[in-house]
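Engineer: My structure file query-v9.txt, compact mmCIF, C-alpha atoms, is below:
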# COMPACT_ATOMS: atom_id res chain seq x y z
CA MET A 22 -9.41 15.77 -3.67
CA THR A 23 -12.94 15.90 -2.28
CA ALA A 24 -15.52 13.19 -1.74
CA GLY A 25 -16.93 11.84 -4.94
CA ASN A 26 -17.01 8.63 -6.93
CA THR A 27 -17.02 5.88 -4.32
CA GLY A 28 -17.32 3.25 -7.04
CA ALA A 29 -14.02 4.30 -8.64
CA LEU A 30 -12.32 4.33 -5.24
CA GLU A 31 -13.61 0.86 -4.46
CA ALA A 32 -12.45 -0.47 -7.84
CA ARG A 33 -8.93 0.87 -7.29
CA TRP A 34 -8.89 -0.58 -3.77
CA GLN A 35 -9.78 -4.02 -5.14
CA VAL A 36 -6.97 -3.77 -7.70
CA ILE A 37 -4.44 -2.87 -5.00
CA GLN A 38 -5.56 -5.77 -2.82
CA ALA A 39 -5.22 -8.13 -5.79
CA ARG A 40 -1.73 -6.81 -6.59
CA ALA A 41 -0.53 -7.19 -3.01
CA GLY A 42 -2.22 -10.58 -2.55
CA GLY A 43 -0.79 -11.93 -5.79
CA ALA A 44 2.73 -10.84 -4.84
CA ALA A 45 2.38 -12.47 -1.42
CA GLU A 46 1.25 -15.75 -2.96
CA ARG A 47 4.17 -15.72 -5.41
CA ALA A 48 6.50 -15.35 -2.44
CA GLY A 49 4.80 -18.18 -0.56
CA ARG A 50 3.34 -15.79 2.01
CA ASP A 51 -0.12 -15.42 3.48
CA PRO A 52 -1.73 -12.36 1.84
CA ALA A 53 -3.12 -11.47 5.28
CA SER A 54 0.46 -10.82 6.44
CA VAL A 55 0.57 -7.72 4.24
CA ARG A 56 -1.33 -4.64 5.36
CA ILE A 57 -2.07 -1.66 3.15
CA MET A 58 -1.78 1.92 4.35
CA ALA A 59 -3.69 4.68 2.56
CA VAL A 60 -1.57 7.82 2.23
CA THR A 61 -4.03 10.68 2.62
CA LYS A 62 -1.95 13.86 2.44
CA THR A 63 -3.85 16.79 0.83
CA LEU A 64 -7.10 14.79 0.83
CA ASP A 65 -10.29 15.98 2.50
CA ARG A 66 -11.54 14.15 5.57
CA ALA A 67 -14.60 13.01 3.62
CA VAL A 68 -12.36 11.10 1.20
CA VAL A 69 -10.52 9.47 4.10
CA ASP A 70 -13.84 8.41 5.58
CA GLN A 71 -14.85 6.88 2.24
CA ALA A 72 -11.62 4.87 2.21
CA ILE A 73 -12.22 3.67 5.76
CA GLU A 74 -15.72 2.52 4.80
CA LEU A 75 -14.10 0.24 2.21
CA GLY A 76 -12.21 -1.52 4.99
CA ILE A 77 -8.91 0.39 5.09
CA GLN A 78 -7.56 0.38 8.64
CA HIS A 79 -4.19 2.11 8.26
CA ILE A 80 -3.96 5.81 7.40
CA GLY A 81 -0.67 7.59 6.70
CA GLU A 82 -0.09 11.34 6.91
CA ASN A 83 3.06 13.32 6.15
CA ARG A 84 2.55 16.42 8.27
CA VAL A 85 1.50 16.86 11.86
CA GLN A 86 -0.37 20.11 11.19
CA GLU A 87 -2.50 18.69 8.40
CA ALA A 88 -3.29 15.55 10.37
CA ARG A 89 -4.38 17.59 13.40
CA ALA A 90 -6.73 19.63 11.24
CA LYS A 91 -8.34 16.50 9.79
CA PHE A 92 -8.37 13.99 12.63
CA LEU A 93 -8.71 15.79 15.94
CA ASP A 94 -12.43 16.55 15.63
CA PRO A 95 -13.95 14.11 15.06
CA PRO A 96 -11.21 11.59 15.86
CA LEU A 97 -10.72 8.43 13.84
CA GLY A 98 -12.30 5.25 15.17
CA ARG A 99 -10.33 3.06 17.52
CA HIS A 100 -10.00 0.38 14.85
CA ILE A 101 -7.96 2.79 12.69
CA THR A 102 -4.18 3.11 13.07
CA LEU A 103 -2.85 6.56 12.22
CA HIS A 104 0.77 6.65 11.03
CA LEU A 105 3.09 9.62 10.69
CA ILE A 106 5.22 8.82 7.63
CA GLY A 107 6.79 12.20 6.91
CA GLN A 108 9.96 13.64 8.41
CA LEU A 109 9.35 14.93 11.91
CA GLN A 110 11.07 17.92 13.51
CA THR A 111 11.83 17.55 17.21
CA ASN A 112 9.75 20.63 18.07
CA LYS A 113 6.66 18.81 16.75
CA ALA A 114 7.17 15.80 18.99
CA ARG A 115 4.46 16.77 21.49
CA PRO A 116 1.54 17.05 19.05
CA ALA A 117 2.81 14.02 17.12
CA VAL A 118 2.80 11.84 20.24
CA GLY A 119 -0.67 13.08 21.14
CA LEU A 120 -2.19 12.27 17.76
CA PHE A 121 -0.43 9.39 16.01
CA ASP A 122 -0.48 5.70 16.86
CA VAL A 123 2.80 5.05 15.02
CA VAL A 124 5.69 7.34 14.08
CA GLY A 125 7.25 5.59 11.10
CA SER A 126 10.07 8.03 10.33
CA VAL A 127 12.42 7.91 13.32
CA ASP A 128 15.89 8.52 11.91
CA ARG A 129 18.17 10.30 14.43
CA PRO A 130 19.05 10.30 18.14
CA PRO A 131 17.58 13.75 19.01
CA LEU A 132 14.21 12.66 17.64
CA VAL A 133 14.27 9.48 19.71
CA GLU A 134 14.98 11.59 22.80
CA ALA A 135 12.18 14.06 22.03
CA LEU A 136 9.58 11.37 21.32
CA ALA A 137 10.53 9.33 24.40
CA ARG A 138 10.32 12.41 26.61
CA GLU A 139 6.91 13.45 25.27
CA ALA A 140 5.50 9.91 25.37
CA GLU A 141 6.54 9.63 29.01
CA LYS A 142 4.90 12.97 29.81
CA GLN A 143 1.69 11.84 28.12
CA GLU A 144 1.88 8.47 29.89
CA ARG A 145 1.70 6.41 26.77
CA ARG A 146 3.86 3.88 24.92
CA LEU A 147 4.37 5.02 21.35
CA SER A 148 5.07 2.60 18.51
CA VAL A 149 7.90 3.65 16.20
CA LEU A 150 9.68 2.46 13.08
CA VAL A 151 13.28 3.36 12.32
CA GLN A 152 13.66 4.81 8.83
CA VAL A 153 16.79 3.71 6.97
CA ASN A 154 18.17 5.45 3.89
CA ILE A 155 19.19 2.26 2.11
CA ALA A 156 19.74 3.95 -1.26
CA TRP A 157 21.91 6.74 0.25
CA GLU A 158 19.76 9.44 -1.39
CA GLN A 159 20.75 12.85 -0.06
CA GLN A 160 17.29 14.35 -0.54
CA LYS A 161 15.59 11.66 1.54
CA ALA A 162 15.38 11.23 5.30
CA GLY A 163 16.53 8.09 7.07
CA CYS A 164 19.49 7.03 9.10
CA ASP A 165 22.74 5.77 7.63
CA PRO A 166 22.57 1.94 7.54
CA ASN A 167 25.85 1.89 9.46
CA GLU A 168 24.19 3.83 12.30
CA LEU A 169 21.10 1.63 12.50
CA GLY A 170 22.33 -0.60 15.30
CA ALA A 171 23.07 2.32 17.62
CA LEU A 172 19.69 3.92 16.90
CA VAL A 173 17.86 0.66 17.55
CA ARG A 174 19.65 0.30 20.89
CA GLN A 175 18.70 3.86 21.81
CA VAL A 176 15.01 3.21 21.12
CA GLN A 177 15.13 -0.06 23.05
CA ASP A 178 16.67 1.68 26.04
CA THR A 179 13.64 3.96 26.43
CA ARG A 180 10.61 3.01 28.51
CA SER A 181 8.05 4.90 26.47
CA LEU A 182 8.85 3.84 22.88
CA GLU A 183 8.06 0.46 21.36
CA LEU A 184 10.26 -0.47 18.42
CA ARG A 185 8.03 -2.13 15.83
CA GLY A 186 10.32 -2.40 12.83
CA LEU A 187 12.13 -0.71 9.97
CA MET A 188 11.05 1.52 7.11
CA THR A 189 12.65 2.62 3.86
CA ILE A 190 11.66 4.50 0.72
CA ALA A 191 13.12 3.22 -2.54
CA PRO A 192 14.14 5.52 -5.41
CA LEU A 193 11.24 6.40 -7.69
CA THR A 194 11.75 4.68 -11.03
CA GLU A 195 9.74 3.03 -13.79
CA ASP A 196 12.09 0.03 -13.62
CA VAL A 197 10.70 -1.47 -10.43
CA GLU A 198 13.05 -4.45 -10.59
CA SER A 199 15.96 -2.06 -10.10
CA VAL A 200 14.79 -1.28 -6.54
CA ARG A 201 14.53 -4.91 -5.44
CA PRO A 202 18.03 -4.74 -3.86
CA VAL A 203 16.84 -1.85 -1.66
CA PHE A 204 14.00 -3.90 -0.20
CA ARG A 205 16.19 -6.99 0.07
CA GLU A 206 18.80 -5.01 2.02
CA LEU A 207 16.23 -3.75 4.53
CA ARG A 208 15.16 -7.34 5.13
CA ARG A 209 18.82 -8.34 5.54
CA LEU A 210 19.29 -5.60 8.14
CA GLN A 211 16.20 -6.83 9.97
CA GLU A 212 17.57 -10.36 10.06
CA ALA A 213 21.05 -9.19 11.15
CA LEU A 214 19.61 -7.18 14.03
CA ARG A 215 17.49 -10.10 15.15
CA ALA A 216 20.53 -12.39 15.09
CA SER A 217 22.76 -9.98 17.03
CA ARG A 218 20.15 -8.90 19.59
CA PRO A 219 17.73 -11.66 20.62
CA SER A 220 15.49 -9.10 22.33
CA VAL A 221 14.87 -7.37 18.97
CA GLU A 222 11.76 -8.66 17.19
CA LEU A 223 11.20 -6.00 14.50
CA PRO A 224 8.01 -7.57 13.10
CA GLU A 225 7.32 -4.73 10.66
CA LEU A 226 9.03 -4.01 7.35
CA SER A 227 7.38 -0.88 5.96
CA MET A 228 8.43 -0.56 2.33
CA GLY A 229 6.87 -0.30 -1.09
CA MET A 230 4.49 2.23 -2.61
CA SER A 231 2.04 2.49 -5.49
CA ASN A 232 4.54 1.75 -8.25
CA ASP A 233 6.73 -0.92 -6.63
CA LEU A 234 4.50 -2.64 -4.06
CA GLU A 235 4.70 -6.08 -5.70
CA VAL A 236 8.49 -6.18 -5.48
CA ALA A 237 8.39 -4.97 -1.87
CA VAL A 238 5.90 -7.66 -0.87
CA GLU A 239 7.96 -10.34 -2.62
CA GLU A 240 10.93 -9.19 -0.52
CA GLY A 241 9.08 -9.30 2.78
CA ALA A 242 7.12 -6.08 3.25
CA THR A 243 4.44 -6.27 5.94
CA LEU A 244 3.17 -2.71 5.44
CA ILE A 245 2.90 -0.95 2.08
CA ARG A 246 1.86 2.63 1.37
CA VAL A 247 -0.47 3.58 -1.47
CA GLY A 248 -1.63 7.02 -2.43
CA ARG A 249 -1.78 7.59 -6.18
CA ALA A 250 -2.86 4.01 -6.95
CA LEU A 251 -5.81 4.39 -4.60
CA PHE A 252 -6.84 8.03 -4.91
CA GLY A 253 -5.50 8.94 -8.35
CA GLU A 254 -3.17 11.80 -9.16
CA ARG A 255 -3.18 14.71 -6.72
CA HIS A 256 -3.44 18.23 -8.05
Show me, as structure tokens, the structure contained in the file I just sent.
Structural biologist:
Amino acid sequence: MTAGNTGALEARWQVIQARAGGAAERAGRDPASVRIMAVTKTLDRAVVDQAIELGIQHIGENRVQEARAKFLDPPLGRHITLHLIGQLQTNKARPAVGLFDVVGSVDRPPLVEALAREAEKQERRLSVLVQVNIAWEQQKAGCDPNELGALVRQVQDTRSLELRGLMTIAPLTEDVESVRPVFRELRRLQEALRASRPSVELPELSMGMSNDLEVAVEEGATLIRVGRALFGERH
């Protein structure tokens, strides 16, 4: 997708904000507690810049290589938070740490080790989310829910990683109510970890996408990801 109809983009952005805000109000939450991330994989930099001009402050990319090509020169403004939301191989830890503000797909001990080592080398503290495979889908990344506690402890034991919260991706389905238990379970895990480890804050619950964002917000999402609903179908 290349730069084009800014009016259409703005209209879709307003619809997304209304959907998320309405869901927050139904749940008795402040709509400001929900932030919207624009998923910009395969999109030209000019389109990303158009989205940012509308007020979007969170950008999500799936691949390190594509993000480097788009955002190294010129870099994004300091008010923009760049998230890595795709699965990350350990051999890409160095460029990922150098480019992204948040790695939202931490799901295994070797990746924690690689990111912590690179963040220490680059003298920075990297924000991370632990991805949990709540639905036990074999084709999706994410740690086993039973292994979450150990992975959280490992992240906490590092000096260079800051644990910000949890992330999950629900099964893609037209029956959005059927994925409510997935989002509810991630919130339950968040609460259980907080209760068992007072030092764990986990303020972020990253869950919900274009088709199911309302259900995710009703169940406590603080960060939702939208691609198709904002930019239309990708070709």
Engineer: Take atom CA of A:Glu225 and atom CA of A:Asn112 and report the distance between them in Å, one decimal.
Structural biologist: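 Separation between atom CA of A:Glu225 and atom CA of A:Asn112: 26.5 Å.
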Engineer: Calculated over all atoms listed in the file, which of the candidates A:Arg215, A:Arg208, A:Arg89, A:Arg66 has the smallest distance to A:Met188?
Structural biologist: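 Checking each candidate against A:Met188, we get A:Arg208 as the closest.
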Engineer: Between atom CA of A:Gly163 and atom CA of A:Gln211, what is the distance in Å, rounded to a tenth?
Structural biologist: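 Value for the atom CA of A:Gly163-atom CA of A:Gln211 distance: 15.2 Å.
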Engineer: If you measure from atom CA of A:Asp51 to atom CA of A:Asp233, what distance in Å do you get, rounded to one decimal?
Structural biologist: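 Between these atoms lies a distance of 19.0 Å.
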Engineer: Using all atoms listed in the file, pick whichever of A:Met58, A:Leu182, A:Ala29, A:Ala216 has the shortest atom-to-atom distance to A:Gly76.
Structural biologist: A:Met58
Engineer: Need the shell around A:Asp122: protein/DNA/RNA residues with any atom at most 8 Å away, counting only C-alpha atoms. Skip same-chain ones fewer than 2 positions apart. Format as a PyMOL selection string?
Structural biologist: chain A and resi 102-104+118+120+124+147-148
Engineer: Find the nearest atom pair between each residue of stretch 36-65 of chain A and stretch 82-85 of chain A for residues within 12 Å, count all atoms listed in the file, give distances in Å to one decimal, sort rows by chain and ascending number, and present the table as CSV.
Structural biologist:
residue,atom,partner,partner_atom,distance
A:Met58,CA,A:Glu82,CA,9.9
A:Ala59,CA,A:Glu82,CA,8.7
A:Val60,CA,A:Glu82,CA,6.0
A:Thr61,CA,A:Glu82,CA,5.9
A:Lys62,CA,A:Glu82,CA,5.5
A:Thr63,CA,A:Glu82,CA,9.0
A:Leu64,CA,A:Glu82,CA,9.9
Engineer: Could you please give me, as a list in words, the residues of protein, DNA or RNA lying at most 6 Å from (3.3, 8.3, 11.6) in the coordinate frame of the file, considering all atoms listed in the file?
Structural biologist: His104, Leu105, Ile106, Phe121, Val123, Val124 and Gly125 of chain A
Engineer: Would you pick out the contacts of A:Asp70 at 12 Å or less, using only C-alpha atoms, so that residues sharing its chain but fewer than 6 positions from it are not included, and give the list as a list in words?
Structural biologist: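 Contacts, in chain order: Thr23, Ala24, Gly25, Thr27, Leu30, Ala59, Thr61, Leu64, Gly76, Ile77, Gln78, His79, Ile80, Lys91, Phe92, Pro95, Pro96, Leu97, Gly98 and Ile101 of chain A.
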Engineer: Between A:Val173, A:Leu234, A:Ala114, A:Ala156, which one has atoms that come closest to A:Ala140, using all atoms listed in the file?
Structural biologist: A:Ala114
Engineer: Starting from the sparse input, extend stretch 177-189 of chain A to N, CA, C and O atoms and give the output as a CSV table (one decimal), keeping the file's coordinate frame.
Structural biologist:
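The new file rebuild.csv reads:
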chain,number,residue,atom,x,y,z
A,177,GLN,N,15.4,1.0,22.1
A,177,GLN,CA,15.1,-0.1,23.0
A,177,GLN,C,15.4,0.3,24.5
A,177,GLN,O,14.8,-0.2,25.4
A,178,ASP,N,16.3,1.3,24.7
A,178,ASP,CA,16.7,1.7,26.0
A,178,ASP,C,15.6,2.6,26.7
A,178,ASP,O,15.7,3.0,27.8
A,179,THR,N,14.7,3.1,25.9
A,179,THR,CA,13.6,4.0,26.4
A,179,THR,C,12.5,3.1,27.0
A,179,THR,O,12.4,1.9,26.7
A,180,ARG,N,11.8,3.7,27.9
A,180,ARG,CA,10.6,3.0,28.5
A,180,ARG,C,9.3,3.3,27.8
A,180,ARG,O,8.3,2.6,27.9
A,181,SER,N,9.3,4.4,27.0
A,181,SER,CA,8.0,4.9,26.5
A,181,SER,C,7.9,4.7,25.0
A,181,SER,O,6.9,5.0,24.4
A,182,LEU,N,8.9,4.1,24.3
A,182,LEU,CA,8.8,3.8,22.9
A,182,LEU,C,8.9,2.3,22.6
A,182,LEU,O,9.7,1.6,23.3
A,183,GLU,N,8.1,1.9,21.7
A,183,GLU,CA,8.1,0.5,21.4
A,183,GLU,C,8.6,0.3,19.9
A,183,GLU,O,7.9,0.8,19.0
A,184,LEU,N,9.7,-0.3,19.7
A,184,LEU,CA,10.3,-0.5,18.4
A,184,LEU,C,9.5,-1.6,17.7
A,184,LEU,O,9.5,-2.7,18.1
A,185,ARG,N,8.8,-1.2,16.6
A,185,ARG,CA,8.0,-2.1,15.8
A,185,ARG,C,8.7,-2.7,14.6
A,185,ARG,O,8.3,-3.7,14.1
A,186,GLY,N,9.7,-1.9,14.0
A,186,GLY,CA,10.3,-2.4,12.8
A,186,GLY,C,11.1,-1.3,12.1
A,186,GLY,O,11.5,-0.3,12.7
A,187,LEU,N,11.3,-1.6,10.8
A,187,LEU,CA,12.1,-0.7,10.0
A,187,LEU,C,11.3,-0.2,8.8
A,187,LEU,O,10.4,-0.9,8.3
A,188,MET,N,11.7,0.9,8.3
A,188,MET,CA,11.0,1.5,7.1
A,188,MET,C,12.1,2.1,6.1
A,188,MET,O,13.1,2.5,6.6
A,189,THR,N,11.8,2.0,4.9
A,189,THR,CA,12.6,2.6,3.9
A,189,THR,C,11.8,3.0,2.7
A,189,THR,O,10.7,2.5,2.5
